[in-house]
Structure formats: C-alpha cells, structure tokens
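Engineer: Structure incoming, see below.
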Amino acid sequence: MNRAGERLYNGLVKENPTFVLMLGMCPTLAVTTSAMNGLGMGLTTMVVLALSNLIISLLRNIIPNRVRIPAFIVIIASFVTAVQLLLEAYIPALNKSLGVYIPLIVVNCIILGRAESYAYSNPVIPSLFDGIGMGLGFTFALTCIGAVRELLGAGELFGFALLPDSFVPIRIFGQAPGAFFVLAALVALQNYIKNVRKKAGKPYEKIGSGCSEDCMNCSEKGCTRRFYGENGTQAESMEQGTAVKKAGPETKDSEREDR
Amino acid sequence: MSGLFKVSSNPHIRSRVATNGLMTAAVIALMPAAGFGIYNFGPRALAVMTVTIASTLLTEYFFGLYKKKLTITDMSAVVTGLLLALNLPVTIPLWMAALGGVFAILVVKMLFGGLGQNFMNPALAARCFLLISFPTAMTAFECDAYTGATPLAALKAGEAVNVLDMVMGRTAGTIGETSVIAILAGACILILLGVIDLRIPGSYIVTFVLFAGIFGGHGFHPAYLAAQLSGGGLMLGAFFMATDYVTRPITIKGQYVYGILLGLLTGIFRIFGPGAEGVSYAIILGNLLVPLIEKYTKPTAFGYERGGKRREK
C-alpha cells in the first residue's frame, strides 16, 4: 500500500504530467478557459487514465509486444467512448463546453505514455494508483491554469464574480496566447519552489520507475526495465553507459519476446 | 605590433558605435513624431509617453537588480517605451499603458535573454497584447481634438478622406502615427546618421503600394494609394519598427525578402482582413520568420561553393 501512496505523490508532485513532464499540452492549452472546464477535463482524463492503466496492467502478459500500441489505443478508446456517453447523459453542459476535446482524450499522450512506461510493466494495484496520481496531477494543473485564466480574463472564479466591477478583464487570458503565458508562469513558479527546496536540502528525489531511464543511479528494486545489461549489471563507466544505453530498447524488446 | 599577433576569437573588426549611441539616435529621430503627437492630441499624450517610458525603465531596472546585471544604460528601454506610446491611442487608461510597458520589457525582452535575444519587437508585441486584451480601449480613437473613425477605417468603409490632412497628421489615430511629415523627418535623421538604410522600408512600401494597387479595388488611383500610404502605422512601422536591429534579418538579401514579406502581409491584412489596419501584426509575424529567412539567404563564404560545400581543387 506504501507503493500506492508513492505513486499518488509521484503523479501529483514529482512527475506532474503538465508541470514537469509537459505532456498533454493540447487539452491543457485549449480547454482551460475557466477553472470549471479545467476541473472537468482533468477528472474525465483521470477516470480514463486510471481505468486504462488498470486494464492494461491486467492484460500486460497477454498483449503481444509487437501490437501493444494498437491494443492500448483500443482499450483507451473504449473507455473514452464510455465516459463521453456518460457525460452526455448526466452532465451535458460540461460535455458541450469541452466539445471535441473529449474524444481527443484517446490520443492524449499522458494516457498512452503511462500505459507504455508504467502499466505495461508493473503490477495492477500500483498501475491503478499511478493512473489516479497522474490524473490528479493533471486535474490539479488544469484547474490552476483555468483558475488564473478565468480570474484575469473574466474576473470570475468557478463562475462567481470575484473581483470588483472596476476590474477590466484582460481578454488575452481567455484566449490561446494567455494559456501559454499562464502555463509558462506556473511552470516557472514550481521550478522556483523546487530550487528553493533543493537549496534548503529537501529535494524531491527521483523515482526510478517513472522512469528517468537513469538506471545507474536508480534505487528501485525489482524494476523490470533495465535499460542496459542483461541481468541488470551496471555499466562501469559513463562512456560505456551511454553506448549500451543506445542499444537499450532492443535488449528490452528481446527480453519481452523471450517471456 | 603586438596587437597584430593577438590571438582572439572573432569578430576581429569592431565598430566604435555602441548600443546606447544607436538608441539615443533612435530617440532623437522619434522626437518629431512625439512632438507632433503632443501638439496634436494635447498634454495627455505626454502623460502616456511618460508612463510607458517609466514603466519600461523600471521593469528593466528591477529585472537587472534581480539578475545582478544592470542593462538600463543602453537606452533600449527608452526607445521601447517611446515607440509603445506612439502606438497607443491618446485616450488609453494610464494603467494599461504601464501594463504594456511591463509586458514589453519583462515578457518579450528580458525573459528571452535581454536585448539582442528578443525574437519580436517588444513595443509592437506589447501593442498587440493590449489590442487583444482591451479591444475597446485600444481602438477608441475619439478624443477632444477629433471625433470619428481613423482615416483608414473611413477609407475601408468607402468614405472620402482628406489626403492632405493625413500627410500633415491632422487626423485621429495613435499618438505617433498620424503625421507622415514628422515621421519622415525622423527617418531622414536616422538615414543620414547611417543607423538605418532604405532596404527594408523601401521594399516594404513599394510592395505594399503594388499590392494595394492591384487588389485594392481602386487601381493605381493616386489619391487612394496616397491615403493607404499615409494612413495608419505604415510609415512609423516601416521606418522605425521593421528596421529594428534585433528583429530584422542580418543578410542583405534577407532584408529585401523581409521587406517584401511585410508589404504583402500588410496588404493582405488591410485589404482582405476584417480590420482596417494590419501593420503591427504584419511586422511581428515577419519577425517570427526572420530566422527562416536568414537560413535561406546566408551568403556563401569565401572558398565555398553555393550551398556551403568546400570547393574542390
């Protein structure tokens, strides 16, 4: 259960998909015109992400390595369709305001990325929590961006007028360029906080199976994704390390086929 | 003697002209336009200029304090602030003008690495930022001196305009763009000092005239073309903003390409676009294409064949 908690923390803070991994930029920039839209998009994605991680992890020993991407897409698309039908039935307003971006969750690279890099090679429970953690991180980021943009661009927050009438809305924050400004500012802010923590001697540690692909300095036990060396033997020098690392993915594939 | 044998990295030939000299020349050259703006629109124009220059200078100063590298003495912030003010309507609320100054220096210039690294003209980017953010305040050209639309809007609506007034500058518009005479006087100062040359403004204006003549719907009617030329920000943009050292191509061929591109874009925006004006968008769009233009117009180095291959013996 400790591992589940670690996955949640990883998704929310250490490898936040928006602020750290910079994945899923299309919905991040397009739908965050208001805090409510951001929250809705984030939660929808989280449901799809958690469920697809769960199913892919369950099927990880059955899906042939060579057709894994199409298999992932089929699983993800099924969940997206289901979620969209549910939204249409129960929250039509949200469905209308998110529009085409709900079907586009199928090609959201966070979902495919987590399936490929985590769920496909990890047990079921951690994969589920990885999905929930990443989804929460995405939701948190989208809600933050949406809140700032709604506040500056319309003077409201979650639809309630917050600023006095004398405030003139800065329209650009309601449009695409504003999304870039707010995203950049928030990324800079969280990097600043991380740097301050680092200086204070409390850095966020890297977690190996994220995966940083830095197996040499990785302390993760039982990781199946050694990037170099047949039995997880570590390269002795940096030069060797990079040389073997380039050949890494092939080694991994052949391992998979043996299995 | 010893200087000849000094081993150093290029550039080996350095000009004595420094940044603050060029920038001071630009400020002096902008004085006629600024002065006419104050004469034309009254003391509030001076207030707008003061606010934008103060906000650009303060932003540059505080960012310099934070980075521990003060660049405020190179005068570029003054030029940016003044150009921004000349691009604003006189009725704009002062806090918006200040916000524009902060945006120009902080977001467009400093965050990308300071003067020389900005990929876009800071003053124009700030104008576009304000134009998108506050469309009503930025297009309110009615003030005490003038009522009614800008001459370009009237022209677009098919109304008659007084070309002589447009050349003199007795029309509505932003603070610095109205008087062609004042702008040309400033441009002459820059050209005589050797700060700018006619490559970019010339190819820009000629292309625009040709485009307006062919697609404008009035043929090459002199009054129509003169009105298009002297209306809006075309003159100010062509001489003072398209020629910005940082955001124009450095290759000579590239400068012609850039000028022609700006002329085409301005023509398309003005004639086929929904608005009457398009100079600022044309120039910042052109700024974005500068790296591409430079890539394809890079001159062949001595000893190399066309395409950069070393010549075989």
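Chain identifiers are assigned as A, B, and so on, following the order in which chains appear in the structure tokens; residues are numbered from 1 within each chain, and ligands are numbered from 1 in order of appearance.
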If the cut-off is 12 Å, can you tell me the residues of chain B near chain A, counting only C-alpha atoms? I'd like them as a list in words.
Structural biologist: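 Those within range of chain A come out as Pro93, Trp95, Met96, Leu99, Gly100, Phe103, Val107, Val108, Leu111, Ala125, Ala126, Cys128, Phe129, Leu130, Leu131, Ile132, Ser133, Phe134, Pro135, Thr136 and Ala137 of chain B.
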Engineer: Write out, as a PDB file, in the first residue's frame, the residues just selected, with C-alpha atoms.
Structural biologist:
```pdb
ATOM      1  CA  PRO B  93      -6.133  54.465 -19.384  1.00  0.00           C
ATOM      2  CA  TRP B  95      -2.522  51.750 -16.107  1.00  0.00           C
ATOM      3  CA  MET B  96      -3.000  49.899 -19.390  1.00  0.00           C
ATOM      4  CA  LEU B  99       0.981  47.236 -18.194  1.00  0.00           C
ATOM      5  CA  GLY B 100       2.024  47.308 -21.846  1.00  0.00           C
ATOM      6  CA  PHE B 103       4.848  43.243 -20.819  1.00  0.00           C
ATOM      7  CA  VAL B 107       7.888  39.022 -21.171  1.00  0.00           C
ATOM      8  CA  VAL B 108       9.092  39.859 -24.666  1.00  0.00           C
ATOM      9  CA  LEU B 111      12.617  36.521 -20.300  1.00  0.00           C
ATOM     10  CA  ALA B 125       4.308  42.822 -29.176  1.00  0.00           C
ATOM     11  CA  ALA B 126       3.060  44.929 -26.270  1.00  0.00           C
ATOM     12  CA  CYS B 128      -0.708  43.592 -29.893  1.00  0.00           C
ATOM     13  CA  PHE B 129      -1.021  42.284 -26.337  1.00  0.00           C
ATOM     14  CA  LEU B 130      -3.000  45.377 -25.387  1.00  0.00           C
ATOM     15  CA  LEU B 131      -5.021  45.257 -28.605  1.00  0.00           C
ATOM     16  CA  ILE B 132      -6.161  41.689 -27.912  1.00  0.00           C
ATOM     17  CA  SER B 133      -6.651  42.306 -24.190  1.00  0.00           C
ATOM     18  CA  PHE B 134      -8.515  45.599 -24.314  1.00  0.00           C
ATOM     19  CA  PRO B 135     -10.048  45.877 -27.788  1.00  0.00           C
ATOM     20  CA  THR B 136     -12.394  48.717 -26.846  1.00  0.00           C
ATOM     21  CA  ALA B 137      -9.859  50.950 -25.123  1.00  0.00           C
TER      22      ALA B 137
END
```
Engineer: Please provide as number ranges by chain all residues within 10 Å of stretch 166-170 of chain B, with the sequence filter that same-chain residues fewer than 3 positions apart are discarded (counting only C-alpha atoms).
Structural biologist: B: 33, 36-37, 40-41, 145-146, 150-152, 161-163, 173, 176-183, 226-232
Engineer: Write out as a ChimeraX atom specification all residues of stretch 5-250 of chain A that DSSP puts in strand (DSSP E or B) for this structure's backbone.
Structural biologist: /A:156-157,160-161
Engineer: Take the selection from the previous step and output its residues with N, CA and C atoms, as an mmCIF file, in the first residue's frame.
Structural biologist:
```cif
data_model
loop_
_atom_site.group_PDB
_atom_site.id
_atom_site.type_symbol
_atom_site.label_atom_id
_atom_site.label_comp_id
_atom_site.auth_asym_id
_atom_site.auth_seq_id
_atom_site.Cartn_x
_atom_site.Cartn_y
_atom_site.Cartn_z
ATOM 1 N N GLU A 156 -13.661 36.244 -12.773
ATOM 2 C CA GLU A 156 -14.513 35.320 -12.025
ATOM 3 C C GLU A 156 -13.695 34.115 -11.593
ATOM 4 N N LEU A 157 -14.270 33.330 -10.675
ATOM 5 C CA LEU A 157 -13.641 32.073 -10.301
ATOM 6 C C LEU A 157 -14.751 31.043 -10.125
ATOM 7 N N PHE A 160 -18.166 32.543 -10.260
ATOM 8 C CA PHE A 160 -18.599 33.602 -9.345
ATOM 9 C C PHE A 160 -17.736 34.839 -9.562
ATOM 10 N N ALA A 161 -18.402 35.991 -9.659
ATOM 11 C CA ALA A 161 -17.640 37.226 -9.827
ATOM 12 C C ALA A 161 -16.858 37.479 -8.552
#
```
Engineer: Give me, as a list in words, all polymer residues having an atom no more than 6 Å from A:Ala4, counting only C-alpha atoms and skipping those fewer than 2 positions away in the same chain.
Structural biologist: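 The residues satisfying every condition are Met1, Asn2, Glu6, Arg7, Pro126 and Phe129 of chain A.
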Engineer: If we count only C-alpha atoms, what is near stretch 95-97 of chain A at a cut-off of 9 Å, once residues fewer than 2 positions away on the same chain are taken out, given as an MDAnalysis selection string?
Structural biologist: chainID A and resid 31 37 40 84 87:88 91:93 99:100 102
Engineer: Within 6 Å of stretch 279-296 of chain B, counting only C-alpha atoms, which residues show up once you throw out same-chain ones fewer than 4 positions away? Write them as an NGL selection string, please.
Structural biologist: :B and (120 or 234 or 247 or 249 or 254 or 262 or 265-266)
Engineer: Give me the residues within 12 Å of A:Pro70 as a list in words, counting only C-alpha atoms and dropping any in the same chain fewer than 5 places off.
Structural biologist: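 The contact residues come out as Ile56, Ile63, Pro64, Asn65, Ile75, Ile76, Ala77, Val106, Val107, Leu112, Ala115 and Glu116 of chain A.
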Engineer: Which residues, written as a list in words, have at least one atom at most 9 Å from B:Gly114, with only C-alpha atoms counted and residues fewer than 5 positions away on the same chain left out?
Structural biologist: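 What passes the distance filter is Thr71, Ile105, Leu106, Val108 and Lys109 of chain B.
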Engineer: If you run DSSP on this backbone, which residues of stretch 69-168 of chain A come out as alpha helix (DSSP H), and could you give them as a ChimeraX atom specification?
Structural biologist: /A:69-90,92-98,109-117,124-154
Engineer: Out of B:Tyr204, B:Tyr224, B:Tyr258, B:Phe119, which residue has the shortest atom-to-atom distance to B:Gly158 when counting only C-alpha atoms?
Structural biologist: B:Tyr224
Engineer: Quick one: of A:Leu128, A:Ile62, A:Leu151, A:Ala184, who's nearest to A:Val48, counting only C-alpha atoms?
Structural biologist: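 Result for the nearest residue to A:Val48: A:Leu128.
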Engineer: For each of B:Leu115, B:Leu58, B:Ala154, B:Ile205, take the minimum atom-to-atom distance to B:Ala98, counting only C-alpha atoms, then give the residue where this is smallest.
Structural biologist: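 Of B:Leu115, B:Leu58, B:Ala154, B:Ile205, the one nearest B:Ala98 is B:Leu58, counting only C-alpha atoms.
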